[in-house]
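Report on one structure; see the data block that follows.
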Protein chains: 4
Amino acid sequence: MAEQYDFSVLKLGAAKIPSPIKMSKIYGDSLANYVREDECILYDIDVKPGGTPPSLAKNHLLEKAGPREHIYFNPGHVHAGVVTCGGLCPGLNDVIRAIVVTLSLRYGVTRISGIRYGYRGFLPEYNLPTIALNSDLVDDIQTKGGTILGSSRGGGNTEAIVDAIERMNLNILFTIGGDGTQAGALAISKELTKRGLKVSIVGVPKTIDNDLSFIQRSFGFETAVALAVQAVYCAHTEANDAVNGIGLVKVMGRESGFIAAHTTIASSCVNFCLIPEIKFNLEGGNGLYTHLENRLKEKDHAVILLAEGAGQDILTANNEKDPSGNRKLSDIGHYLETRIPRYFRKRNFEVTLKYIDPSYMIRSAPADPNDSIYCARLGTHAVHAAMAGRTQMLISLINNTFVHLPMELAVSKRNYVDPEGPLWRDVLESTRQPLSLSNE
Amino acid sequence: MAEQYDFSVLKLGAAKIPSPIKMSKIYGDSLANYVREDECILYDIDVKPGGTPPSLAKNHLLEKAGPREHIYFNPGHVHAGVVTCGGLCPGLNDVIRAIVVTLSLRYGVTRISGIRYGYRGFLPEYNLPTIALNSDLVDDIQTKGGTILGSSRGGGNTEAIVDAIERMNLNILFTIGGDGTQAGALAISKELTKRGLKVSIVGVPKTIDNDLSFIQRSFGFETAVALAVQAVYCAHTEANDAVNGIGLVKVMGRESGFIAAHTTIASSCVNFCLIPEIKFNLEGGNGLYTHLENRLKEKDHAVILLAEGAGQDILTANNEKDPSGNRKLSDIGHYLETRIPRYFRKRNFEVTLKYIDPSYMIRSAPADPNDSIYCARLGTHAVHAAMAGRTQMLISLINNTFVHLPMELAVSKRNYVDPEGPLWRDVLESTRQPLSLSNE
Amino acid sequence: MAEQYDFSVLKLGAAKIPSPIKMSKIYGDSLANYVREDECILYDIDVKPGGTPPSLAKNHLLEKAGPREHIYFNPGHVHAGVVTCGGLCPGLNDVIRAIVVTLSLRYGVTRISGIRYGYRGFLPEYNLPTIALNSDLVDDIQTKGGTILGSSRGGGNTEAIVDAIERMNLNILFTIGGDGTQAGALAISKELTKRGLKVSIVGVPKTIDNDLSFIQRSFGFETAVALAVQAVYCAHTEANDAVNGIGLVKVMGRESGFIAAHTTIASSCVNFCLIPEIKFNLEGGNGLYTHLENRLKEKDHAVILLAEGAGQDILTANNEKDPSGNRKLSDIGHYLETRIPRYFRKRNFEVTLKYIDPSYMIRSAPADPNDSIYCARLGTHAVHAAMAGRTQMLISLINNTFVHLPMELAVSKRNYVDPEGPLWRDVLESTRQPLSLSNE
Amino acid sequence: MAEQYDFSVLKLGAAKIPSPIKMSKIYGDSLANYVREDECILYDIDVKPGGTPPSLAKNHLLEKAGPREHIYFNPGHVHAGVVTCGGLCPGLNDVIRAIVVTLSLRYGVTRISGIRYGYRGFLPEYNLPTIALNSDLVDDIQTKGGTILGSSRGGGNTEAIVDAIERMNLNILFTIGGDGTQAGALAISKELTKRGLKVSIVGVPKTIDNDLSFIQRSFGFETAVALAVQAVYCAHTEANDAVNGIGLVKVMGRESGFIAAHTTIASSCVNFCLIPEIKFNLEGGNGLYTHLENRLKEKDHAVILLAEGAGQDILTANNEKDPSGNRKLSDIGHYLETRIPRYFRKRNFEVTLKYIDPSYMIRSAPADPNDSIYCARLGTHAVHAAMAGRTQMLISLINNTFVHLPMELAVSKRNYVDPEGPLWRDVLESTRQPLSLSNE
């Protein structure tokens, strides 16, 4: 399966400068060591049925992240930039903090600029001054949600951004963002290379939906699940206390149902989990309505958890068009909020439905401690990678190990909940919903 | 490194009964599948410096956990027992709940007995009646800390326990506990085998210290870290607001400093993290006191985080004996609570020390959502393993995959924070404490 | 002002049975005492400008709540009912628990019936069996949101309810609910009196909006504010981190803006607080839009907090009709969610608006500890009142003292935020919004 | 009872300057008004048994707090100081924030100095520079525990402090602190008067123990109770899950058991609440040990909640001396932690005791939203009072109304839990412990 991937990471040049971080070079003296250049791990660890082992080929190996004995940039010459893009996600400030603290207190870098409101902050037409970052300024920011730099969606003209990077004399840029942001970062890096500029572009992958490939889990995801669980508990209480109560909760997940799946297992009170990866019918003998009615007859209440991208085919099938015509998601939550009661009214079956959409209360929350650990380590490793001259790469956690991952790979495909994989199987164990809610 | 391990798991016999859980047997139909008998993963994924790849040998492979197409026990004949042992740990009720719900609602097992207060519940002299468990009774228990079964430390006579298992006609026993509990379970299983009894003994590893080997992380650990972070924040506030304030926090970790290490990274405000694995001096030019004084002179406050097993050699060096003579830990927290102010008093340096020990407020907490997910999956997988006839094994998470792990291996050695590994390195990045606090 | 009120409370008859609760009858022996029949407090405590003192007239005095030396009902003969009505509110289970525990463990009452789903549970057509309540069953329920009895809106036929009370031989009924519920309870009590039945009807006032008169604060209110504050913080983060970000939050408050007002002061980050009591314009020189634009130009972000009943006149002014024609509130939240961006689009002023409606996540939450105390004391005092033969009354907290309040008074008028009172003044101090957002 | 009190408040002089805060002077126009000079409330509201009404005498009236139409100080001339003293308490930063924001954004005061580390910050020998406070600096501080100014215990020389106030040209000083702090503030104010200096000294009462008289509740108290409840829940879980488990929790309360009393009612799982106001025996037929043993025999577990000042007479009775000889409290928590198990060991009765002391985790917490409201209003009202020329007074909440209270009264006596009052009675309802645990 992984045959086609090449996990080797780009370097700007030879790292010849001794690191100002002092570590032991001896193994076995019980003192912390640098990461050696050739430390790596396997990506693929599955032994297939029949016994076919995973490949050990070089291009399937992932370089371990961490501080190197020699670095590429002279800390005294470095001007680093940090930019946060896209929707809010718990942990952004943790990552910013770790980057700034490691740059300044570990490497002695003094020029660190925060770019305002995403890539837009590079564009002259917006005239957004940068923020001079230092360890005092970021000391406490991880206790707040959001990003002290502001954020915005959208990319902006690659050439204009690179012009700005040239003007600012940045030699390192940290891009904290998702799929689109990292695709933009890749384009920026390629343009920089074309211009012969030695600028390290290092990404920290951010996607509250957890839909980035080659990344075990995205930061903020656990916090999002924890908060979504609260919403589900509320829906459960409302459902349980009303006459034939139905609790309906919509969570994030445009194309991937990871938040919904994990929230289901965590809360243990979801009866129907609906995600974009798995089609379902509303009507018909095996459709949602039939199974929901059976559940209500048996237990008097039910909880339905929706990923926002679930059932998009149903909405169009029902000829409800999106006003702007583009691929913007139709709102499955509001749709079911009105359609489910309508279905039961027709059947003279009294139900009470309560709908909860906690999305913005989740995105803007501060990271919980476990995400804070993850963000701190992502940010720190991003700095080590950049200082060592790596570029066009992200910090990723794979097989529970922090590694360097080429941007090219990260943006090559999305991550989906595999309907035949262990996560979805465990969702089914939790909900005991039918294997399929499709009439086919 | 892993050469000496054999990860193959014991089976009571051939699994010939079709599972009552209905899943797809077709791959690619987007419907959830059973786990096949030969699905497994690599344990060792490290490519060593120089390029030596990890072994692909059969005995280094770990069997994946999950429901099998055929099971060993007839659900109608099963009498299952569940026992929780040792100190409290967030998530115990989640695990109990998942075991009971999966047994009853997925497999149709109706006889499930909860053993009271650990292994003691088997012993006739205590005359502790079992609790009849069912899905209604456990419906909500995961929202509470502790264990509905009660717990106690200590093992009890293996023969007497096996006598009780025989009397009760248990054919499955789930042992939720740590090192000692699983060693006890192994002894029980061996005695059962000796007596020719086909009883499945399946463990769920519990250790709030995270010190079990071959297990990526133990349940309740993340919750423990999250709560320890709160204590550290409090200590930081107290330290910050007082004249030369010192916040001293002691967390769990008898022989392994995992909670202290993760709490340090999560909180970003610890200045000295002290763990059992790494020796340190108090006095002397490179000792804690000197570095603490320097920190106070520079920043007016400091936070010290202790694992309870840290610095035990210091306590004996000071000839403070343990009253009962056994290996019971001396209290490093109380020791430093008095000794640090004494040191500074001698130097006419005013300090204000506040000491916090949050241990029992952590152990008794309910699991946070991410631990709840983990516990739910551990419990569910334990049932699948037992029903499929596995025995003398634990459910473990390795390389982010749920697997079956022989008890023999799990109890063969402890897990330690490697002073030369990435976790400790990241602790040093966070605290910027010296590489060593030892004068040697 | 209070001239017209009569605070004296109805009694079913003389209380002659010695209470099974043992207390001291001596004052000054440092042992807890019964409440004497003539202990009361002033309702009105305001000295008016000019020096007019409050009235000390008998009918302005409120009887203190608490256990009496003699009770009216023989505990062995009592069959008590408990019913919860209307929308969910944090603390319902706390009140139920306190009533049941006090009845059973303090007075020895053994027959306690929980009525299901509000007054509907009395009606034969729904055929809803009661729940037999006892102290074990309610032991832990206060840690959950909602009500273990279920609830529903609406009253039901008074005569049918009284028929049911007769059939059940209830001699005490606790009605936990708001304005409508207590009006219903009053009608029930009057019908019982008409039939010559000695049944004590004691209410516990419940209104998450805090809009009941003669009651200092309603239970669940503080919890609601605490959770609303979280929503406002999230809105603030979203607003702060976006380009001209606007955070819009709608909270409960159909006719009274207490939640919005308290949430504003608690969060310290609301710029415009809009409540039903105070009219405002959107357009025009002193309207919301103008002041919002000024705020954005000055500070780049703004937070607006709405009570759900705010601006209802604006919605009709814009000819947006309510589909069912009745007084159902139009949704001011959704209205402003679309209208504010439309206004700024017309002016070519880029804004980013995020809308949060946390209502159902608030209603279903468990009570926070301070509300738990309040609920426990309300429930306990309700039992003391009923056992002592009081009827047609509520337990109320006035001037920080628990008292008996006639239902007649409680339902006679609503409680409003006084635009000229200290609470609203302190809201203005917090937001620094204009004294008026009206063009008049 | 209240005969001897005089609630009239000192004024520096006539308030002649029109307030820069614009409010309506018309009553009935639905616009917020100033507080008039003669608005006041009754302090005493109790009608005594027999019908004796409370006094309406002038000196029993309390002046309402709030903004006045005319102020004493010209905002442009004001230099205000803020000082926080004593132990940490949730809400300190909320109060500081409200004072600074109201001074600067409502009155236009630009010179506000934060005094470091309590009164010590005035003393030249410590050479502690003040912090220049403004609304930006305090914008977010209320989300943190502690005080941004630092704090310390102890008063310092009144004359030296007044010298410093003179040197700094302060004309307003806000003293945030408890009994000792306000007694100090009173001395400072008197010395200022002696020197003919017109300096307003306005206190904000702070006592986590809630032991200040004439104050309905102190800020941070509710937060403290909420966190103490968590500790009690943990103790309950530990007790419940162990063999004859005893959970022992010690909370703050040196001379008054308010935190213990409220925590008991809030948690509903305390069996024995022990406070300084009520003596108890350990041994003997009616002592704690006997009742504890009975409880364990009946229910297998028990929870004991201690205020730190409880049972001090027992400790001395047992001849355990305080090392330093002064009145420093002996540690009743540690004492019972060892003595209770010893008692049961002697009786061959196996118990498992877990001891929790959450004090420093409570003191350093941020205020919960209800306390934040209270603090915001206290701080705002303190500024209004000072600007209007009030002095030697505190802001107090009495009968649910914010009022001006003379310092003289506030420090004249402590507030105690009345063993014959409604709070303690409700504690007994909750625990169902004996009316007395004393053998007398």
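As shown in the structure tokens, the chain order sets the letters A, B, ...; within each chain, residues go from 1, and ligands are also counted from 1 in the order they appear.
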Q.
Residues of chain B within 12 Å of chain C, counting only C-alpha atoms, what are they? List them as an NGL selection string.
A. :B and (140-141 or 143-144)
Q. Leaving out Lys299 in chain D and any residue of its chain fewer than 5 positions from it, which residues lie within 12 Å of it when counting only C-alpha atoms, given as a PyMOL selection string?
A. (chain C and resi 136) or (chain D and resi 239-246+271+291-294)
(Q) Can you tell me which residues surround Gly180 in chain A at a distance of at most 10 Å, considering only C-alpha atoms, apart from same-chain residues fewer than 6 positions away, and format the answer as a list in words? (A) Cys85, Gly86, Arg153, Gly154, Gly155, Leu186 and Val411 of chain A
Taking C-alpha atoms for each residue, export the selection above as an mmCIF file, in the first residue's frame.
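Listed below is the output, selection00.cif:
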data_model
loop_
_atom_site.group_PDB
_atom_site.id
_atom_site.type_symbol
_atom_site.label_atom_id
_atom_site.label_comp_id
_atom_site.auth_asym_id
_atom_site.auth_seq_id
_atom_site.Cartn_x
_atom_site.Cartn_y
_atom_site.Cartn_z
ATOM 1 C CA CYS A 85 -4.191 30.150 9.070
ATOM 2 C CA GLY A 86 -7.747 28.865 8.766
ATOM 3 C CA ARG A 153 -9.095 31.648 5.670
ATOM 4 C CA GLY A 154 -7.745 31.773 2.147
ATOM 5 C CA GLY A 155 -4.295 31.762 0.691
ATOM 6 C CA LEU A 186 4.637 24.163 -0.416
ATOM 7 C CA VAL A 411 -1.231 17.272 1.148
#
**Q.** Polymer residues at most 7 Å from range 167-170 of chain B, only C-alpha atoms, same-chain spacing of 2 or more positions, as a PyMOL selection string
**A.** chain B and resi 79-81+163-165+172-173
Q: Based on DSSP run over this structure's backbone, return all residues of range 301-438 of chain C in strand (DSSP E or B), as a list in words.
A: His301, Ala302, Val303, Ile304, Leu305, Leu306, Ala307, Thr352, Leu353, Lys354, Tyr355, Ile356, Arg390, Thr391, Met393, Leu394, Ile395, Ser396, Leu397, Ile398, Thr401, Phe402, Val403, His404, Leu405, Pro406 and Arg414 of chain C
Could you take the residues named above and write them with N, CA and C atoms, as a PDB file, in the first residue's frame?
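So part.pdb came out as:
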ATOM      1  N   HIS C 301     -12.825  44.414  17.016  1.00  0.00           N
ATOM      2  CA  HIS C 301     -13.710  43.284  17.327  1.00  0.00           C
ATOM      3  C   HIS C 301     -14.770  43.735  18.318  1.00  0.00           C
ATOM      4  N   ALA C 302     -15.829  42.944  18.415  1.00  0.00           N
ATOM      5  CA  ALA C 302     -16.926  43.302  19.326  1.00  0.00           C
ATOM      6  C   ALA C 302     -17.680  42.045  19.729  1.00  0.00           C
ATOM      7  N   VAL C 303     -18.256  42.084  20.931  1.00  0.00           N
ATOM      8  CA  VAL C 303     -19.076  40.975  21.420  1.00  0.00           C
ATOM      9  C   VAL C 303     -20.467  41.510  21.779  1.00  0.00           C
ATOM     10  N   ILE C 304     -21.478  40.847  21.241  1.00  0.00           N
ATOM     11  CA  ILE C 304     -22.871  41.221  21.507  1.00  0.00           C
ATOM     12  C   ILE C 304     -23.545  40.062  22.230  1.00  0.00           C
ATOM     13  N   LEU C 305     -24.177  40.367  23.328  1.00  0.00           N
ATOM     14  CA  LEU C 305     -24.893  39.341  24.083  1.00  0.00           C
ATOM     15  C   LEU C 305     -26.380  39.669  24.087  1.00  0.00           C
ATOM     16  N   LEU C 306     -27.174  38.727  23.633  1.00  0.00           N
ATOM     17  CA  LEU C 306     -28.620  38.884  23.477  1.00  0.00           C
ATOM     18  C   LEU C 306     -29.376  38.002  24.437  1.00  0.00           C
ATOM     19  N   ALA C 307     -30.385  38.540  25.096  1.00  0.00           N
ATOM     20  CA  ALA C 307     -31.391  37.674  25.702  1.00  0.00           C
ATOM     21  C   ALA C 307     -32.388  37.306  24.606  1.00  0.00           C
ATOM     22  N   THR C 352     -16.481  39.537  10.189  1.00  0.00           N
ATOM     23  CA  THR C 352     -16.618  38.087  10.344  1.00  0.00           C
ATOM     24  C   THR C 352     -17.478  37.864  11.572  1.00  0.00           C
ATOM     25  N   LEU C 353     -18.666  37.322  11.395  1.00  0.00           N
ATOM     26  CA  LEU C 353     -19.555  37.134  12.541  1.00  0.00           C
ATOM     27  C   LEU C 353     -19.670  35.651  12.883  1.00  0.00           C
ATOM     28  N   LYS C 354     -19.516  35.344  14.148  1.00  0.00           N
ATOM     29  CA  LYS C 354     -19.729  33.972  14.625  1.00  0.00           C
ATOM     30  C   LYS C 354     -20.862  34.004  15.650  1.00  0.00           C
ATOM     31  N   TYR C 355     -21.820  33.114  15.461  1.00  0.00           N
ATOM     32  CA  TYR C 355     -23.026  33.093  16.297  1.00  0.00           C
ATOM     33  C   TYR C 355     -23.051  31.833  17.178  1.00  0.00           C
ATOM     34  N   ILE C 356     -23.298  32.016  18.442  1.00  0.00           N
ATOM     35  CA  ILE C 356     -23.327  30.891  19.383  1.00  0.00           C
ATOM     36  C   ILE C 356     -24.634  30.914  20.168  1.00  0.00           C
ATOM     37  N   ARG C 390     -48.155  23.704  56.069  1.00  0.00           N
ATOM     38  CA  ARG C 390     -48.291  24.850  55.204  1.00  0.00           C
ATOM     39  C   ARG C 390     -48.781  24.369  53.826  1.00  0.00           C
ATOM     40  N   THR C 391     -49.464  25.267  53.110  1.00  0.00           N
ATOM     41  CA  THR C 391     -49.907  24.919  51.758  1.00  0.00           C
ATOM     42  C   THR C 391     -50.064  26.188  50.927  1.00  0.00           C
ATOM     43  N   MET C 393     -48.010  27.567  49.031  1.00  0.00           N
ATOM     44  CA  MET C 393     -46.849  28.431  49.230  1.00  0.00           C
ATOM     45  C   MET C 393     -45.614  27.843  48.547  1.00  0.00           C
ATOM     46  N   LEU C 394     -44.631  28.717  48.402  1.00  0.00           N
ATOM     47  CA  LEU C 394     -43.333  28.356  47.856  1.00  0.00           C
ATOM     48  C   LEU C 394     -42.270  28.596  48.904  1.00  0.00           C
ATOM     49  N   ILE C 395     -41.149  27.910  48.735  1.00  0.00           N
ATOM     50  CA  ILE C 395     -39.968  28.311  49.499  1.00  0.00           C
ATOM     51  C   ILE C 395     -39.259  29.385  48.682  1.00  0.00           C
ATOM     52  N   SER C 396     -38.897  30.454  49.331  1.00  0.00           N
ATOM     53  CA  SER C 396     -38.249  31.557  48.632  1.00  0.00           C
ATOM     54  C   SER C 396     -37.052  32.039  49.439  1.00  0.00           C
ATOM     55  N   LEU C 397     -36.080  32.596  48.733  1.00  0.00           N
ATOM     56  CA  LEU C 397     -34.960  33.270  49.398  1.00  0.00           C
ATOM     57  C   LEU C 397     -35.156  34.764  49.193  1.00  0.00           C
ATOM     58  N   ILE C 398     -35.329  35.465  50.297  1.00  0.00           N
ATOM     59  CA  ILE C 398     -35.494  36.917  50.225  1.00  0.00           C
ATOM     60  C   ILE C 398     -34.589  37.552  51.265  1.00  0.00           C
ATOM     61  N   THR C 401     -32.545  35.241  53.244  1.00  0.00           N
ATOM     62  CA  THR C 401     -33.168  34.399  54.257  1.00  0.00           C
ATOM     63  C   THR C 401     -34.209  33.498  53.588  1.00  0.00           C
ATOM     64  N   PHE C 402     -34.238  32.222  53.980  1.00  0.00           N
ATOM     65  CA  PHE C 402     -35.248  31.318  53.431  1.00  0.00           C
ATOM     66  C   PHE C 402     -36.585  31.568  54.121  1.00  0.00           C
ATOM     67  N   VAL C 403     -37.627  31.797  53.329  1.00  0.00           N
ATOM     68  CA  VAL C 403     -38.935  32.130  53.881  1.00  0.00           C
ATOM     69  C   VAL C 403     -40.035  31.359  53.145  1.00  0.00           C
ATOM     70  N   HIS C 404     -41.208  31.413  53.733  1.00  0.00           N
ATOM     71  CA  HIS C 404     -42.423  30.885  53.106  1.00  0.00           C
ATOM     72  C   HIS C 404     -43.105  32.016  52.343  1.00  0.00           C
ATOM     73  N   LEU C 405     -43.475  31.750  51.108  1.00  0.00           N
ATOM     74  CA  LEU C 405     -44.071  32.780  50.259  1.00  0.00           C
ATOM     75  C   LEU C 405     -45.380  32.257  49.665  1.00  0.00           C
ATOM     76  N   PRO C 406     -46.493  33.007  49.808  1.00  0.00           N
ATOM     77  CA  PRO C 406     -47.753  32.546  49.222  1.00  0.00           C
ATOM     78  C   PRO C 406     -47.648  32.424  47.704  1.00  0.00           C
ATOM     79  N   ARG C 414     -44.341  39.375  37.216  1.00  0.00           N
ATOM     80  CA  ARG C 414     -43.015  38.898  36.866  1.00  0.00           C
ATOM     81  C   ARG C 414     -41.918  39.759  37.471  1.00  0.00           C
TER      82      ARG C 414
END
Q) Could you work out how far CA of Val162 in chain A lies from CA of Ile188 in chain A, giving the answer in Å with one decimal? A)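 Between CA of Ile188 in chain A and CA of Val162 in chain A the gap is 6.3 Å.
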Q: Fewer than 4 positions away in the same chain doesn't count, so skip those; otherwise give me all residues within 12 Å of Phe272 in chain C, counting only C-alpha atoms, as a PyMOL selection string.
A: chain C and resi 232+246-250+260-261+263-265+268+280+287-289+291-292+295+301-307+427-437
Selection above as a file: C-alpha atoms, as a compact mmCIF listing (two decimals), in the first residue's frame:
# COMPACT_ATOMS: atom_id res chain seq x y z
CA VAL C 232 -19.23 34.56 25.70
CA ILE C 246 -18.15 40.00 15.80
CA GLY C 247 -19.14 37.44 18.40
CA LEU C 248 -22.90 37.12 18.82
CA VAL C 249 -24.31 35.06 21.68
CA LYS C 250 -27.94 34.41 22.50
CA ALA C 260 -27.62 38.35 29.92
CA ALA C 261 -27.01 41.05 32.52
CA THR C 263 -23.17 37.14 32.17
CA THR C 264 -22.08 40.54 30.95
CA ILE C 265 -20.68 41.57 34.31
CA SER C 268 -16.11 41.56 31.37
CA PHE C 280 -33.21 49.50 21.00
CA GLY C 287 -28.82 52.46 16.78
CA LEU C 288 -26.81 49.30 17.37
CA TYR C 289 -25.24 49.25 13.89
CA HIS C 291 -22.23 51.99 17.64
CA LEU C 292 -21.06 48.57 16.51
CA ARG C 295 -16.47 49.92 18.12
CA HIS C 301 -13.71 43.28 17.33
CA ALA C 302 -16.93 43.30 19.33
CA VAL C 303 -19.08 40.97 21.42
CA ILE C 304 -22.87 41.22 21.51
CA LEU C 305 -24.89 39.34 24.08
CA LEU C 306 -28.62 38.88 23.48
CA ALA C 307 -31.39 37.67 25.70
CA VAL C 427 -24.03 46.28 33.21
CA LEU C 428 -23.47 49.71 31.69
CA GLU C 429 -20.32 50.11 33.79
CA SER C 430 -19.09 46.83 32.35
CA THR C 431 -19.94 47.31 28.67
CA ARG C 432 -19.60 51.08 28.53
CA GLN C 433 -22.34 50.90 25.92
CA PRO C 434 -24.48 54.05 25.49
CA LEU C 435 -27.14 54.71 28.12
CA SER C 436 -29.63 54.04 25.34
CA LEU C 437 -29.41 52.45 21.88
Q: Using DSSP on the backbone, list every residue of range 170-284 of chain A that comes out as helix (DSSP H, G or I), and give them as a ChimeraX atom specification.
A: /A:179-194,221-241,258-267
Q: Would you kindly return, as an MDAnalysis selection string, each protein, DNA or RNA residue with an atom no farther than 9 Å from any atom of range 215-226 of chain D, considering only C-alpha atoms and excluding same-chain residues fewer than 4 positions away?
A: (chainID C and resid 368:370 400) or (chainID D and resid 89:92 205:211 230 252 258:260 262:263 266 359 362:363 365:372 374:375 378 395:400 405 410 415)
Q: Write out as an MDAnalysis selection string the residues lying within 12 Å of Phe73 in chain A, counting only C-alpha atoms and excluding same-chain residues fewer than 4 positions away.
A: chainID A and resid 11:20 68 77:80 103 107:109 170:172 198:200 383:390
